[in-house]
Amino acid sequence: MRKCTESRQMCGKIDRWTGCPQKGIDGMINIWEVNETNKMVEQENLDVRTITIGISLLECIDSDLKKLNENIYNRITTVAKDLAAVGEKIENEYGIPIVNKRISVTPIALVGGAACKTPEDFATIADTLDRAAKAVGANLIGGYSALVSKGMTKADEMLIHSIPMALCRTERVCSSVNLASTKTGINMDAVKLMGEILLELAGQSKDRDSADCMKLVVFCNAPDDNPFMAGAFHGVTEADAIINVGVSGPGVVKTALEKVRGENFEVLCETIKKTAFKVTRVGQLVAQEASRLLNIPFGIVDLSLAPTPAIGDSVADILCEIGLEYAGAPGTTAALAMLNDQVKKGGVMASSYVGGLSGAFIPVSEDQGMIDAVQAGAITLEKLEAMTCVCSVGLDMIAIPGDTKATTISGMIADEMALGMVNQKTTAARLIPVIGKGVGDTVEFGGLFGYAPIMPVNQFSCDAFINRGGRIPAPIHSFKN
């Protein structure tokens, strides 16, 4: 752990957010904050979930497919060559666990359009991304993506059709498709297609409980600077390369709330804000250090509370500490809205730049408290959908019966896209139709992905709705010029 006492002088005043002496004259984190961080790491599951390097591949574009793949491999392995080493250096120096080192790239539908003539051509780019990520020690690489909220080019369609092929033969590649936005409406042709693609992907990985579906997510209002997978891509508005950091501490928030049981909402909100401030300070420190060591500009800190299957690292447990018997009980949406808002209010005071998704994640398989709520019958797909109106993602890591129709999956996706479009926020769906399993079964994904009970899906048909085709227009409040 880095020693801070010699170079960092204290200014003698108490910081109203941390309750500790304020930062020294050099503006760095002081020894009191370091000691408090040690406790959060050792006892409360605080970690930096990811350092993600965003890399533009626009300079790699070439009409020759072989040359394009060479350019992409060389670009990634040059820019991200020190990613793993820098992550380990920061871990060792500060004692802060960094769970993942990741890469996001320019949406491949844009990069490969000039060279790719078939879905198989696009899949070769996925192979290249996988090799490059492995070469630099990145856990995952995102950006096998298409942005089709208003329409699909031929390149977009080819990439989407290649997704099952690409994800089944690669280990580290993640894919995302932006189907809707507040400004453009919902591309229902793409929504229909993604229901079919998801089932095809599930079938191709059925020998592994359809696990490749975990690497595919669909969005409304996808952010350009999201560091989290599977939805990370490097937006065209970004610089050549950027450092984005996702920090997570549900256990830290829960421990803080345990100390104010029975207090009113004012005290509760103030406690969440102060805790989010402290957690985000860690992300800011790691982001700045990674930026300095890699000589790549700092982009954003994502404020999201991202749970894991580990005991004590659950967003659902925070909701229970707030006063619910289970996540899903009456009052859940209100409690989650409050939590999400206070995390943002506290976090924005702690970092120069915040972005990405920035809120509370409620993935079923990755949160032990959510799993318990599903098994107790406290939470349903419909309640999860309501909760996504006020949190930062959507229907995330949800296992559904493998015999669910493609149109039904498309209907679930359309509902989630509508919530994001109308509420002017990011929403997403990462659904896993597990081939050969039904309600009452459990699927084991392992690691950070956890396990999940298969959830029942509404069996009434939406076929005629999905098969209409075309586009749902943007809402009236999208016209702000």
# chains A, B, ... in the order shown; residues from 1 in each chain; ligands from 1
>>> residues_around(residues="Ala474 (chain A)", least_positions_apart="2", cutoff="6 Å", atoms="only C-alpha atoms", output="PDB file with N, CA and C atoms, in the first residue's frame")
ATOM      1  N   THR A 182     -34.362   7.982 -27.691  1.00  0.00           N
ATOM      2  CA  THR A 182     -35.411   8.979 -27.474  1.00  0.00           C
ATOM      3  C   THR A 182     -35.569   9.872 -28.697  1.00  0.00           C
ATOM      4  N   LYS A 183     -34.480  10.124 -29.406  1.00  0.00           N
ATOM      5  CA  LYS A 183     -34.507  11.022 -30.564  1.00  0.00           C
ATOM      6  C   LYS A 183     -35.055  10.364 -31.820  1.00  0.00           C
ATOM      7  N   THR A 184     -34.892   9.038 -31.957  1.00  0.00           N
ATOM      8  CA  THR A 184     -35.232   8.391 -33.228  1.00  0.00           C
ATOM      9  C   THR A 184     -36.370   7.390 -33.137  1.00  0.00           C
ATOM     10  N   GLY A 185     -36.771   6.990 -31.929  1.00  0.00           N
ATOM     11  CA  GLY A 185     -37.809   5.990 -31.769  1.00  0.00           C
ATOM     12  C   GLY A 185     -37.231   4.581 -31.684  1.00  0.00           C
TER      13      GLY A 185
END
>>> residues_around(residues="region 67-84 of chain A", least_positions_apart="2", cutoff="9 Å", atoms="only C-alpha atoms", output="PyMOL selection string")
chain A and resi 51-53+55-57+59-65+86-89+101-103+105+111-112+115+124-125+128-129+131-133+135-138+241+290+293-294+296
>>> residues_around(residues="Ile300 (chain A)", least_positions_apart="6", cutoff="6 Å", atoms="only C-alpha atoms", output="PDB file with N, CA and C atoms, in the first residue's frame")
ATOM      1  N   ASN A 244     -11.759   4.666 -19.157  1.00  0.00           N
ATOM      2  CA  ASN A 244     -13.002   4.722 -18.389  1.00  0.00           C
ATOM      3  C   ASN A 244     -12.937   3.676 -17.281  1.00  0.00           C
ATOM      4  N   TYR A 353     -15.305  13.874 -13.943  1.00  0.00           N
ATOM      5  CA  TYR A 353     -16.204  13.475 -15.019  1.00  0.00           C
ATOM      6  C   TYR A 353     -16.874  12.156 -14.654  1.00  0.00           C
ATOM      7  N   VAL A 354     -18.189  12.117 -14.748  1.00  0.00           N
ATOM      8  CA  VAL A 354     -18.919  10.865 -14.552  1.00  0.00           C
ATOM      9  C   VAL A 354     -19.683  10.561 -15.842  1.00  0.00           C
ATOM     10  N   GLY A 355     -19.966   9.287 -16.073  1.00  0.00           N
ATOM     11  CA  GLY A 355     -20.652   8.917 -17.313  1.00  0.00           C
ATOM     12  C   GLY A 355     -21.012   7.458 -17.310  1.00  0.00           C
TER      13      GLY A 355
END
>>> atom_distance(atom1="CA of Ala327 (chain A)", atom2="CA of Ile272 (chain A)")
18.0 Å
>>> closest_residue(among="A:Ala146, A:Val48, A:Ala190, A:Ile141", to="Arg172 (chain A)", atoms="only C-alpha atoms")
A:Ile141
>>> select_by_dssp(residues="region 165-201 of chain A", states="helix (DSSP H, G or I)", output="list in words")
Met165, Ala166, Leu167, Cys168, Met188, Asp189, Ala190, Val191, Lys192, Leu193, Met194, Gly195, Glu196, Ile197, Leu198, Leu199, Glu200 and Leu201 of chain A
>>> write_last_selection(atoms="C-alpha atoms", output="compact mmCIF listing (two decimals), in the first residue's frame")
# COMPACT_ATOMS: atom_id res chain seq x y z
CA MET A 165 -21.25 -17.33 -35.25
CA ALA A 166 -18.89 -14.74 -33.77
CA LEU A 167 -19.76 -15.22 -30.09
CA CYS A 168 -19.78 -19.01 -30.25
CA MET A 188 -39.03 -2.63 -34.71
CA ASP A 189 -37.50 -4.47 -37.68
CA ALA A 190 -34.28 -4.70 -35.68
CA VAL A 191 -36.18 -5.66 -32.51
CA LYS A 192 -37.82 -8.56 -34.36
CA LEU A 193 -34.48 -9.65 -35.80
CA MET A 194 -32.77 -9.60 -32.41
CA GLY A 195 -35.36 -11.96 -30.93
CA GLU A 196 -34.49 -14.44 -33.68
CA ILE A 197 -30.74 -13.90 -33.30
CA LEU A 198 -30.90 -14.44 -29.55
CA LEU A 199 -32.63 -17.79 -29.98
CA GLU A 200 -30.12 -18.81 -32.64
CA LEU A 201 -27.26 -17.90 -30.31
>>> residues_around(residues="region 457-473 of chain A", least_positions_apart="3", cutoff="10 Å", atoms="only C-alpha atoms", output="number ranges by chain")
A: 149-151, 180-193, 195, 380-382, 400-401, 404-412, 414, 418, 421, 439, 454, 476
>>> closest_residue(among="A:Pro97, A:Gly249, A:Gly235, A:Gly369", to="Gly347 (chain A)", atoms="only C-alpha atoms")
A:Gly249
>>> select_by_dssp(residues="region 205-385 of chain A", states="strand (DSSP E or B)", output="ChimeraX atom specification")
/A:216-220,241-248,298-302,305,354,360
>>> atom_distance(atom1="CA of Gly251 (chain A)", atom2="CA of Ile311 (chain A)")
8.8 Å
>>> closest_residue(among="A:Gly246, A:Gly377, A:Gly143, A:Pro453", to="Ala329 (chain A)", atoms="only C-alpha atoms")
A:Gly377
>>> atom_distance(atom1="CA of Asn92 (chain A)", atom2="CA of Phe298 (chain A)")
20.7 Å
>>> residues_around(residues="region 424-430 of chain A", least_positions_apart="5", cutoff="7 Å", atoms="only C-alpha atoms", output="MDAnalysis selection string")
chainID A and resid 182 214 216:222 392:398 413 416:417
>>> write_last_selection(atoms="N, CA and C atoms", output="PDB file, in the first residue's frame")
ATOM      1  N   THR A 182     -34.362   7.982 -27.691  1.00  0.00           N
ATOM      2  CA  THR A 182     -35.411   8.979 -27.474  1.00  0.00           C
ATOM      3  C   THR A 182     -35.569   9.872 -28.697  1.00  0.00           C
ATOM      4  N   MET A 214     -24.956 -14.479 -22.613  1.00  0.00           N
ATOM      5  CA  MET A 214     -24.491 -13.507 -21.619  1.00  0.00           C
ATOM      6  C   MET A 214     -23.639 -12.419 -22.259  1.00  0.00           C
ATOM      7  N   LEU A 216     -24.210 -10.861 -25.078  1.00  0.00           N
ATOM      8  CA  LEU A 216     -24.987 -10.057 -26.023  1.00  0.00           C
ATOM      9  C   LEU A 216     -26.037  -9.241 -25.272  1.00  0.00           C
ATOM     10  N   VAL A 217     -26.078  -7.935 -25.543  1.00  0.00           N
ATOM     11  CA  VAL A 217     -27.070  -7.061 -24.910  1.00  0.00           C
ATOM     12  C   VAL A 217     -27.617  -6.102 -25.962  1.00  0.00           C
ATOM     13  N   VAL A 218     -28.894  -5.747 -25.814  1.00  0.00           N
ATOM     14  CA  VAL A 218     -29.511  -4.747 -26.698  1.00  0.00           C
ATOM     15  C   VAL A 218     -29.880  -3.523 -25.873  1.00  0.00           C
ATOM     16  N   PHE A 219     -29.794  -2.350 -26.495  1.00  0.00           N
ATOM     17  CA  PHE A 219     -29.917  -1.077 -25.782  1.00  0.00           C
ATOM     18  C   PHE A 219     -30.959  -0.164 -26.396  1.00  0.00           C
ATOM     19  N   CYS A 220     -31.457   0.734 -25.537  1.00  0.00           N
ATOM     20  CA  CYS A 220     -32.042   2.006 -25.951  1.00  0.00           C
ATOM     21  C   CYS A 220     -31.166   3.096 -25.339  1.00  0.00           C
ATOM     22  N   ASN A 221     -30.813   4.099 -26.137  1.00  0.00           N
ATOM     23  CA  ASN A 221     -29.963   5.202 -25.663  1.00  0.00           C
ATOM     24  C   ASN A 221     -28.630   4.695 -25.113  1.00  0.00           C
ATOM     25  N   ALA A 222     -27.946   3.855 -25.862  1.00  0.00           N
ATOM     26  CA  ALA A 222     -26.659   3.318 -25.414  1.00  0.00           C
ATOM     27  C   ALA A 222     -25.643   4.448 -25.259  1.00  0.00           C
ATOM     28  N   SER A 392     -30.312   1.959 -13.610  1.00  0.00           N
ATOM     29  CA  SER A 392     -29.438   2.369 -14.706  1.00  0.00           C
ATOM     30  C   SER A 392     -29.364   1.386 -15.868  1.00  0.00           C
ATOM     31  N   VAL A 393     -29.952   0.226 -15.735  1.00  0.00           N
ATOM     32  CA  VAL A 393     -29.880  -0.704 -16.872  1.00  0.00           C
ATOM     33  C   VAL A 393     -31.267  -1.200 -17.245  1.00  0.00           C
ATOM     34  N   GLY A 394     -31.499  -2.513 -17.197  1.00  0.00           N
ATOM     35  CA  GLY A 394     -32.786  -3.030 -17.619  1.00  0.00           C
ATOM     36  C   GLY A 394     -32.957  -4.461 -17.192  1.00  0.00           C
ATOM     37  N   LEU A 395     -33.545  -5.274 -18.057  1.00  0.00           N
ATOM     38  CA  LEU A 395     -33.727  -6.697 -17.779  1.00  0.00           C
ATOM     39  C   LEU A 395     -32.387  -7.383 -18.003  1.00  0.00           C
ATOM     40  N   ASP A 396     -31.644  -7.578 -16.935  1.00  0.00           N
ATOM     41  CA  ASP A 396     -30.230  -7.947 -17.048  1.00  0.00           C
ATOM     42  C   ASP A 396     -29.954  -9.334 -16.483  1.00  0.00           C
ATOM     43  N   MET A 397     -29.315 -10.180 -17.282  1.00  0.00           N
ATOM     44  CA  MET A 397     -28.889 -11.515 -16.861  1.00  0.00           C
ATOM     45  C   MET A 397     -30.069 -12.330 -16.336  1.00  0.00           C
ATOM     46  N   ILE A 398     -31.134 -12.372 -17.140  1.00  0.00           N
ATOM     47  CA  ILE A 398     -32.351 -13.080 -16.754  1.00  0.00           C
ATOM     48  C   ILE A 398     -32.486 -14.339 -17.601  1.00  0.00           C
ATOM     49  N   ILE A 413     -38.139  -7.280 -25.396  1.00  0.00           N
ATOM     50  CA  ILE A 413     -37.148  -6.266 -25.769  1.00  0.00           C
ATOM     51  C   ILE A 413     -37.829  -4.942 -26.105  1.00  0.00           C
ATOM     52  N   GLU A 416     -38.830  -2.986 -23.080  1.00  0.00           N
ATOM     53  CA  GLU A 416     -37.680  -2.357 -22.418  1.00  0.00           C
ATOM     54  C   GLU A 416     -37.189  -1.149 -23.205  1.00  0.00           C
ATOM     55  N   MET A 417     -37.194  -1.252 -24.526  1.00  0.00           N
ATOM     56  CA  MET A 417     -36.790  -0.113 -25.356  1.00  0.00           C
ATOM     57  C   MET A 417     -37.749   1.076 -25.163  1.00  0.00           C
TER      58      MET A 417
END
>>> closest_residue(among="A:Ser175, A:Phe122, A:Lys437, A:Met158", to="Met229 (chain A)", atoms="only C-alpha atoms")
A:Ser175
>>> closest_residue(among="A:Gly438, A:Pro119, A:Gly420, A:Gly299", to="Pro475 (chain A)", atoms="only C-alpha atoms")
A:Gly420
>>> residues_around(residues="Leu324 (chain A)", least_positions_apart="3", cutoff="12 Å", atoms="only C-alpha atoms", output="count of residues only")
19
>>> residues_around(residues="Asp47 (chain A)", least_positions_apart="6", cutoff="12 Å", atoms="only C-alpha atoms", output="PyMOL selection string")
chain A and resi 37-41+91+94-100+245-252+279-283+286+304-308+313
